[in-house]
$ cat coords-v8.txt   # compact mmCIF, C-alpha atoms and all ligand atoms
# COMPACT_ATOMS: atom_id res chain seq x y z
CA MET Q 1 -181.88 -233.28 151.68
CA ASP Q 2 -183.57 -233.19 148.31
CA GLY Q 3 -187.09 -234.46 148.93
CA GLU Q 4 -187.98 -234.64 145.26
CA HIS Q 5 -185.48 -237.37 144.52
CA ILE Q 6 -185.71 -240.64 146.38
CA LEU Q 7 -182.49 -242.09 144.98
CA GLU Q 8 -179.41 -240.15 143.93
CA THR Q 9 -175.92 -241.15 142.98
CA GLU Q 10 -172.94 -238.93 142.67
CA GLY Q 11 -169.77 -239.80 140.80
CA LEU Q 12 -170.71 -243.46 140.95
CA SER Q 13 -167.93 -245.52 139.43
CA LYS Q 14 -166.88 -249.14 139.17
CA SER Q 15 -163.71 -250.44 137.59
CA PHE Q 16 -162.77 -254.03 136.93
CA GLY Q 17 -158.99 -254.14 136.79
CA GLY Q 18 -158.25 -251.04 134.75
CA PHE Q 19 -161.57 -251.06 132.91
CA ALA Q 20 -164.20 -248.50 133.90
CA ALA Q 21 -167.53 -250.31 133.51
CA VAL Q 22 -169.38 -247.45 135.25
CA SER Q 23 -167.85 -244.03 135.30
CA ASP Q 24 -168.93 -240.92 137.20
CA VAL Q 25 -172.65 -241.65 137.01
CA GLY Q 26 -175.00 -239.11 138.56
CA LEU Q 27 -178.42 -240.69 138.61
CA ARG Q 28 -181.42 -238.94 140.11
CA VAL Q 29 -184.67 -240.80 140.45
CA LYS Q 30 -187.74 -238.75 141.23
CA ARG Q 31 -190.06 -240.03 143.91
CA GLY Q 32 -193.21 -241.73 142.58
CA THR Q 33 -191.93 -242.27 139.04
CA ILE Q 34 -191.02 -245.23 136.87
CA HIS Q 35 -187.45 -244.61 135.79
CA ALA Q 36 -185.66 -246.76 133.21
CA LEU Q 37 -181.96 -247.31 132.76
CA ILE Q 38 -181.20 -248.19 129.14
CA GLY Q 39 -178.23 -248.30 126.79
CA PRO Q 40 -176.58 -250.51 124.21
CA ASN Q 41 -174.83 -253.76 125.11
CA GLY Q 42 -171.92 -253.27 127.45
CA ALA Q 43 -173.08 -249.78 128.46
CA GLY Q 44 -172.78 -250.57 132.15
CA LYS Q 45 -176.47 -251.02 133.02
CA THR Q 46 -176.05 -254.28 134.88
CA THR Q 47 -172.99 -253.05 136.73
CA CYS Q 48 -174.86 -249.89 137.72
CA PHE Q 49 -177.85 -251.95 138.86
CA ASN Q 50 -175.58 -254.22 140.89
CA LEU Q 51 -174.07 -251.16 142.58
CA LEU Q 52 -177.53 -249.89 143.51
CA THR Q 53 -178.65 -253.29 144.79
CA LYS Q 54 -175.40 -253.76 146.70
CA PHE Q 55 -174.25 -256.82 144.81
CA LEU Q 56 -171.13 -254.81 143.99
CA ALA Q 57 -169.22 -252.15 145.93
CA PRO Q 58 -168.34 -248.98 144.00
CA THR Q 59 -164.76 -247.99 143.26
CA ALA Q 60 -165.78 -244.37 143.85
CA GLY Q 61 -168.83 -242.22 144.37
CA SER Q 62 -171.86 -242.29 146.61
CA ILE Q 63 -175.47 -243.42 146.72
CA ARG Q 64 -178.17 -241.66 148.72
CA TYR Q 65 -181.63 -242.99 149.42
CA ASN Q 66 -184.18 -240.70 151.03
CA GLY Q 67 -181.35 -238.35 151.83
CA ARG Q 68 -179.38 -241.01 153.67
CA ASP Q 69 -175.97 -242.16 152.51
CA ILE Q 70 -176.32 -245.87 151.72
CA THR Q 71 -173.04 -246.27 149.87
CA ARG Q 72 -171.82 -248.73 152.46
CA THR Q 73 -175.13 -250.26 153.49
CA ASN Q 74 -175.55 -253.90 152.52
CA ALA Q 75 -178.44 -255.47 150.60
CA ALA Q 76 -180.33 -256.48 153.75
CA GLY Q 77 -179.84 -252.99 155.15
CA ILE Q 78 -181.30 -251.20 152.13
CA ALA Q 79 -184.23 -253.63 152.08
CA GLN Q 80 -184.99 -252.58 155.65
CA LEU Q 81 -185.05 -248.98 154.43
CA GLY Q 82 -187.67 -249.94 151.83
CA LEU Q 83 -185.41 -250.26 148.78
CA VAL Q 84 -186.04 -253.74 147.46
CA ARG Q 85 -184.74 -255.57 144.45
CA SER Q 86 -187.26 -257.78 142.74
CA PHE Q 87 -186.49 -261.38 143.57
CA GLN Q 88 -185.02 -263.45 140.85
CA ILE Q 89 -187.22 -266.36 139.82
CA SER Q 90 -184.62 -268.58 141.44
CA ALA Q 91 -185.58 -267.03 144.78
CA VAL Q 92 -189.16 -268.21 144.46
CA PHE Q 93 -189.55 -271.38 146.49
CA LEU Q 94 -190.34 -273.75 143.65
CA HIS Q 95 -191.77 -276.52 145.79
CA LEU Q 96 -194.02 -274.33 147.86
CA THR Q 97 -197.39 -273.43 146.44
CA VAL Q 98 -198.01 -269.99 144.99
CA LEU Q 99 -200.01 -269.07 148.08
CA GLU Q 100 -197.29 -270.32 150.42
CA ASN Q 101 -194.67 -268.25 148.60
CA VAL Q 102 -196.63 -265.03 149.18
CA ARG Q 103 -197.41 -266.05 152.77
CA VAL Q 104 -193.73 -266.49 153.50
CA ALA Q 105 -193.00 -263.04 152.07
CA LEU Q 106 -195.78 -261.47 154.13
CA GLN Q 107 -194.50 -263.21 157.22
CA ARG Q 108 -191.03 -261.84 156.62
CA GLN Q 109 -192.39 -258.33 156.11
CA ARG Q 110 -194.42 -258.42 159.30
CA GLY Q 111 -191.43 -259.43 161.33
CA ALA Q 112 -192.38 -262.98 162.23
CA SER Q 113 -189.52 -265.44 162.38
CA PHE Q 114 -188.70 -267.48 159.35
CA ASP Q 115 -189.71 -270.83 160.85
CA PHE Q 116 -192.60 -271.47 158.49
CA TRP Q 117 -192.02 -275.21 158.58
CA ARG Q 118 -193.31 -275.45 162.12
CA SER Q 119 -195.83 -272.67 162.32
CA GLU Q 120 -198.47 -273.64 159.79
CA LYS Q 121 -201.14 -272.22 162.06
CA VAL Q 122 -199.42 -268.87 162.35
CA LEU Q 123 -198.99 -268.69 158.61
CA LYS Q 124 -202.67 -269.37 157.98
CA ARG Q 125 -203.31 -265.93 159.41
CA TYR Q 126 -201.64 -264.47 156.37
CA ASP Q 127 -203.85 -266.36 153.94
CA ALA Q 128 -206.39 -263.60 153.41
CA ALA Q 129 -203.75 -260.98 152.69
CA ALA Q 130 -201.88 -263.37 150.43
CA MET Q 131 -205.01 -264.26 148.47
CA ALA Q 132 -205.79 -260.57 147.99
CA LEU Q 133 -202.35 -260.04 146.47
CA LEU Q 134 -202.73 -263.11 144.26
CA GLU Q 135 -206.07 -261.87 143.02
CA GLU Q 136 -204.53 -258.53 142.18
CA PHE Q 137 -201.83 -260.32 140.23
CA GLY Q 138 -204.12 -262.71 138.38
CA LEU Q 139 -202.69 -265.69 140.23
CA ALA Q 140 -205.65 -266.68 142.40
CA GLU Q 141 -206.60 -269.61 140.21
CA VAL Q 142 -203.14 -271.15 140.61
CA ALA Q 143 -202.85 -270.37 144.34
CA HIS Q 144 -202.58 -274.03 145.32
CA ARG Q 145 -200.21 -275.13 142.57
CA GLU Q 146 -196.51 -275.55 143.25
CA ALA Q 147 -194.55 -272.59 141.89
CA THR Q 148 -192.51 -274.97 139.74
CA GLU Q 149 -195.59 -275.77 137.64
CA LEU Q 150 -196.17 -272.16 136.59
CA SER Q 151 -195.39 -270.73 133.17
CA TYR Q 152 -192.43 -268.37 132.95
CA GLY Q 153 -194.71 -265.33 132.78
CA ARG Q 154 -196.64 -266.41 135.85
CA LYS Q 155 -193.44 -267.14 137.77
CA ARG Q 156 -192.42 -263.57 137.09
CA ALA Q 157 -195.83 -262.34 138.25
CA LEU Q 158 -195.36 -264.38 141.43
CA GLU Q 159 -191.91 -262.90 141.88
CA LEU Q 160 -193.44 -259.42 141.68
CA ALA Q 161 -196.20 -260.37 144.12
CA THR Q 162 -193.71 -261.69 146.68
CA THR Q 163 -191.63 -258.53 146.29
CA LEU Q 164 -194.70 -256.34 146.79
CA ALA Q 165 -195.61 -258.32 149.89
CA LEU Q 166 -192.50 -256.74 151.40
CA GLU Q 167 -194.20 -253.36 150.90
CA PRO Q 168 -191.17 -251.68 149.36
CA GLU Q 169 -191.11 -247.92 148.99
CA MET Q 170 -188.92 -248.35 145.94
CA MET Q 171 -188.46 -251.38 143.70
CA LEU Q 172 -185.45 -252.17 141.55
CA LEU Q 173 -186.31 -254.40 138.58
CA ASP Q 174 -183.64 -256.13 136.53
CA GLU Q 175 -184.90 -256.74 132.99
CA PRO Q 176 -188.45 -257.64 134.00
CA MET Q 177 -189.31 -258.63 130.42
CA ALA Q 178 -186.30 -260.88 129.80
CA GLY Q 179 -187.34 -264.15 128.20
CA MET Q 180 -191.00 -263.13 127.91
CA GLY Q 181 -193.31 -263.71 124.98
CA HIS Q 182 -195.51 -260.99 123.57
CA GLU Q 183 -198.56 -261.74 125.69
CA ASP Q 184 -196.61 -262.08 128.90
CA ILE Q 185 -194.91 -258.74 128.21
CA ALA Q 186 -198.27 -256.96 128.05
CA ARG Q 187 -199.40 -258.70 131.24
CA ILE Q 188 -196.21 -258.00 133.20
CA ALA Q 189 -196.22 -254.37 132.00
CA GLY Q 190 -199.71 -254.05 133.46
CA LEU Q 191 -198.53 -255.54 136.75
CA ILE Q 192 -195.56 -253.19 136.90
CA ARG Q 193 -197.86 -250.24 136.35
CA LYS Q 194 -200.06 -251.52 139.16
CA ALA Q 195 -197.04 -252.05 141.39
CA ALA Q 196 -195.92 -248.48 140.68
CA ALA Q 197 -198.95 -246.97 142.39
CA GLY Q 198 -197.67 -245.08 145.41
CA ARG Q 199 -194.05 -246.13 144.94
CA THR Q 200 -190.95 -245.57 142.86
CA ILE Q 201 -189.57 -248.05 140.35
CA LEU Q 202 -186.18 -248.15 138.71
CA MET Q 203 -185.73 -250.77 136.02
CA VAL Q 204 -183.08 -251.92 133.64
CA GLU Q 205 -184.87 -253.03 130.49
CA HIS Q 206 -183.82 -253.90 126.96
CA ASN Q 207 -187.28 -253.83 125.41
CA LEU Q 208 -187.55 -250.24 124.26
CA SER Q 209 -191.26 -250.34 123.50
CA VAL Q 210 -191.85 -251.41 127.11
CA VAL Q 211 -189.57 -248.61 128.24
CA ALA Q 212 -191.47 -246.13 126.06
CA ASP Q 213 -194.76 -247.39 127.40
CA LEU Q 214 -193.94 -247.49 131.12
CA SER Q 215 -191.26 -244.94 131.91
CA ASP Q 216 -191.72 -241.40 133.12
CA ARG Q 217 -188.02 -240.79 132.81
CA ILE Q 218 -185.11 -242.53 131.15
CA THR Q 219 -181.38 -242.43 131.69
CA VAL Q 220 -179.29 -243.63 128.78
CA LEU Q 221 -175.87 -245.07 129.56
CA ALA Q 222 -173.14 -245.61 127.02
CA ARG Q 223 -169.60 -246.74 127.74
CA GLY Q 224 -170.26 -246.50 131.47
CA LYS Q 225 -171.36 -242.87 131.37
CA VAL Q 226 -174.68 -241.03 131.33
CA LEU Q 227 -175.26 -240.09 127.71
CA ALA Q 228 -178.72 -238.56 127.94
CA GLU Q 229 -181.66 -238.21 130.24
CA GLY Q 230 -185.29 -237.29 129.70
CA ASP Q 231 -188.61 -238.75 128.68
CA TYR Q 232 -188.79 -241.28 125.85
CA ALA Q 233 -189.57 -238.71 123.17
CA ALA Q 234 -186.54 -236.66 124.14
CA VAL Q 235 -183.98 -239.44 124.47
CA SER Q 236 -185.12 -241.38 121.41
CA ALA Q 237 -184.73 -238.23 119.28
CA ASP Q 238 -181.29 -237.44 120.71
CA PRO Q 239 -178.68 -237.93 117.95
CA ARG Q 240 -176.08 -239.09 120.49
CA VAL Q 241 -178.43 -241.82 121.69
CA ILE Q 242 -179.23 -242.93 118.14
CA GLU Q 243 -175.54 -243.01 117.33
CA ALA Q 244 -174.69 -245.03 120.43
CA TYR Q 245 -177.31 -247.65 119.57
CA ILE Q 246 -176.32 -247.80 115.91
CA GLY Q 247 -172.65 -247.94 116.85
CA ALA Q 248 -173.38 -250.91 119.11
CA GLY Q 249 -175.17 -252.65 116.27
CA HIS Q 250 -178.77 -252.37 117.38
CA ALA Q 251 -180.66 -249.34 116.19
N1 LIG Q 301 -166.94 -258.69 136.64
C1 LIG Q 301 -166.47 -258.05 135.55
N2 LIG Q 301 -165.17 -258.13 135.22
C2 LIG Q 301 -164.70 -257.49 134.13
N3 LIG Q 301 -165.44 -256.75 133.30
C3 LIG Q 301 -166.75 -256.64 133.57
C4 LIG Q 301 -167.34 -257.28 134.71
N4 LIG Q 301 -168.67 -256.99 134.71
C5 LIG Q 301 -168.89 -256.21 133.62
N5 LIG Q 301 -167.74 -256.00 132.95
C6 LIG Q 301 -167.60 -255.19 131.73
O1 LIG Q 301 -168.16 -253.92 131.99
C7 LIG Q 301 -168.87 -253.44 130.83
C8 LIG Q 301 -170.29 -253.12 131.24
O2 LIG Q 301 -170.97 -254.34 131.49
P1 LIG Q 301 -172.47 -254.41 131.95
O3 LIG Q 301 -172.82 -255.84 132.06
O4 LIG Q 301 -172.66 -253.56 133.13
O5 LIG Q 301 -173.19 -253.74 130.70
P2 LIG Q 301 -174.72 -253.81 130.29
O6 LIG Q 301 -175.07 -252.43 129.85
O7 LIG Q 301 -175.52 -254.40 131.36
O8 LIG Q 301 -174.64 -254.75 129.04
P3 LIG Q 301 -175.73 -255.79 128.46
O9 LIG Q 301 -176.82 -254.95 127.89
O10 LIG Q 301 -174.94 -256.47 127.38
O11 LIG Q 301 -176.13 -256.68 129.58
C9 LIG Q 301 -168.76 -254.52 129.77
O12 LIG Q 301 -167.72 -254.18 128.89
C10 LIG Q 301 -168.40 -255.76 130.56
O13 LIG Q 301 -167.64 -256.65 129.78
$ encode --input "coords-v8.txt" --output "structure tokens" --more "lines below"
Ligand SMILES: Nc1ncnc2c1ncn2[C@@H]1O[C@H](COP(=O)(O)OP(=O)(O)OP(=O)(O)O)[C@@H](O)[C@H]1O
Amino acid sequence: MDGEHILETEGLSKSFGGFAAVSDVGLRVKRGTIHALIGPNGAGKTTCFNLLTKFLAPTAGSIRYNGRDITRTNAAGIAQLGLVRSFQISAVFLHLTVLENVRVALQRQRGASFDFWRSEKVLKRYDAAAMALLEEFGLAEVAHREATELSYGRKRALELATTLALEPEMMLLDEPMAGMGHEDIARIAGLIRKAAAGRTILMVEHNLSVVADLSDRITVLARGKVLAEGDYAAVSADPRVIEAYIGAGHA
């Protein structure tokens, strides 16, 4: 087992019909880092992410997490191992309050049953922990609002808070800045940096200035394959990377 890398893939491939969306990808994510997966449109980022989060099964190759083969482990199984995908906003319970959303996540993490509708008293026990998380995420002032009333940026912050309540060892973030305005981007970047303390983060992200700002290491995909890997300075100066982005129409 390679203790330095928390997540490793070998020969990871996914074809749709005859088309290789992801082809022979060897990804190695170092423990305790923020690692970004980037690449021009159609590069295979989403497909790769869906393989790692178990939304898709690979055509070939393997995935190891903490030295354990998780190629055939399902999404619930990897979550139990501490590898958690950030919830989509759609998975936030819109008609629960912000506080209730985090309480439910804490309750799940601590192994209580999911019968929150009849155990209000039990859930109250989680209030203090939930409020602490909300304070950390700048959401304390909206704790008693329904999630549906929040701005897009705050919904995303809530999504991160509920994911962190699960105490993941590693978080997988799918385009955390998608749809965000300038101010929200700065705020969410700060939250991601906070969330990264003591854990590993792998994110797919289109916003290259965010990637430059947050990432320790970057893997660039193009046409389903790993084109380059390194820190931002290295990959952004790599002529093959520049060419791939220009070729795809976005330099
Ligand atoms: N279910 C599918 N069936 C057929 N082709 C697919 C499927 N999913 C993805 N593809 C193709 O695989 C390639 C990689 O797609 P993918 O969405 O992984 O790229 P991406 O890097 O995430 O792109 P973008 O930045 O545009 O989201 C694309 O050519 C896409 O059309």
$ residues_near_point --input "coords-v8.txt" --point "(-187.8, -244.9, 119.8)" --cutoff "8 Å" --atoms "only C-alpha atoms" --output "MDAnalysis selection string"
chainID Q and resid 208:209 212 232:233 236:237
$ closest_residue --input "coords-v8.txt" --among "Q:Ser23, Q:Ser13, Q:Thr33, Q:Ser62" --to "Ile218 (chain Q)" --atoms "only C-alpha atoms"
Q:Thr33
$ residues_around --input "coords-v8.txt" --residues "Lys14 (chain Q)" --least-positions-apart "2" --cutoff "6 Å" --atoms "all atoms listed in the file" --output "NGL selection string"
:Q and (20-22 or 58-59)
$ residues_around --input "coords-v8.txt" --residues "region 38-49 of chain Q" --least-positions-apart "6" --cutoff "7 Å" --atoms "all atoms listed in the file" --output "mmCIF file with C-alpha atoms, keeping the file's coordinate frame"
data_model
loop_
_atom_site.group_PDB
_atom_site.id
_atom_site.type_symbol
_atom_site.label_atom_id
_atom_site.label_comp_id
_atom_site.auth_asym_id
_atom_site.auth_seq_id
_atom_site.Cartn_x
_atom_site.Cartn_y
_atom_site.Cartn_z
ATOM 1 C CA ALA Q 21 -167.530 -250.310 133.510
ATOM 2 C CA VAL Q 22 -169.380 -247.450 135.250
ATOM 3 C CA VAL Q 204 -183.080 -251.920 133.640
ATOM 4 C CA GLU Q 205 -184.870 -253.030 130.490
ATOM 5 C CA HIS Q 206 -183.820 -253.900 126.960
ATOM 6 C CA THR Q 219 -181.380 -242.430 131.690
ATOM 7 C CA VAL Q 220 -179.290 -243.630 128.780
ATOM 8 C CA LEU Q 221 -175.870 -245.070 129.560
ATOM 9 C CA ALA Q 222 -173.140 -245.610 127.020
ATOM 10 C CA ARG Q 223 -169.600 -246.740 127.740
ATOM 11 C CA GLY Q 224 -170.260 -246.500 131.470
ATOM 12 C CA ALA Q 244 -174.690 -245.030 120.430
ATOM 13 C CA TYR Q 245 -177.310 -247.650 119.570
ATOM 14 C CA ALA Q 248 -173.380 -250.910 119.110
#
$ residues_near_point --input "coords-v8.txt" --point "(-174.7, -255.4, 152.0)" --cutoff "12 Å" --atoms "all atoms listed in the file" --output "PyMOL selection string"
chain Q and resi 50-57+70-80
$ closest_residue --input "coords-v8.txt" --among "Q:Met203, Q:Leu214, Q:Leu133, Q:Val102" --to "ligand LIG 301 (chain Q)" --atoms "all atoms listed in the file"
Q:Met203
$ atom_distance --input "coords-v8.txt" --atom1 "CA of Leu202 (chain Q)" --atom2 "CA of Asp238 (chain Q)"
21.5 Å
$ atom_distance --input "coords-v8.txt" --atom1 "CA of Gly230 (chain Q)" --atom2 "CA of Lys30 (chain Q)"
11.9 Å
$ closest_residue --input "coords-v8.txt" --among "Q:Leu37, Q:Ala195, Q:Met180, Q:Val25" --to "ligand LIG 301 (chain Q)" --atoms "all atoms listed in the file"
Q:Leu37
$ closest_residue --input "coords-v8.txt" --among "Q:Gly11, Q:Gly3, Q:Gly153, Q:Gly18" --to "ligand LIG 301 (chain Q)" --atoms "only C-alpha atoms and all ligand atoms"
Q:Gly18
$ closest_residue --input "coords-v8.txt" --among "Q:Leu164, Q:Ile201, Q:Ile242, Q:Ala178" --to "ligand LIG 301 (chain Q)" --atoms "all atoms listed in the file"
Q:Ala178
$ atom_distance --input "coords-v8.txt" --atom1 "CA of Leu7 (chain Q)" --atom2 "CA of Pro176 (chain Q)"
19.9 Å
$ closest_residue --input "coords-v8.txt" --among "Q:Ile246, Q:Glu169, Q:Gly17, Q:Leu12" --to "ligand LIG 301 (chain Q)" --atoms "only C-alpha atoms and all ligand atoms"
Q:Gly17
$ axis_aligned_box --input "coords-v8.txt" --around "ligand LIG 301 (chain Q)" --padding-each-side "3 Å" --output "lines of an AutoDock Vina configuration file"
center_x = -170.8
center_y = -255.6
center_z = 132.0
size_x = 18.1
size_y = 12.3
size_z = 15.3
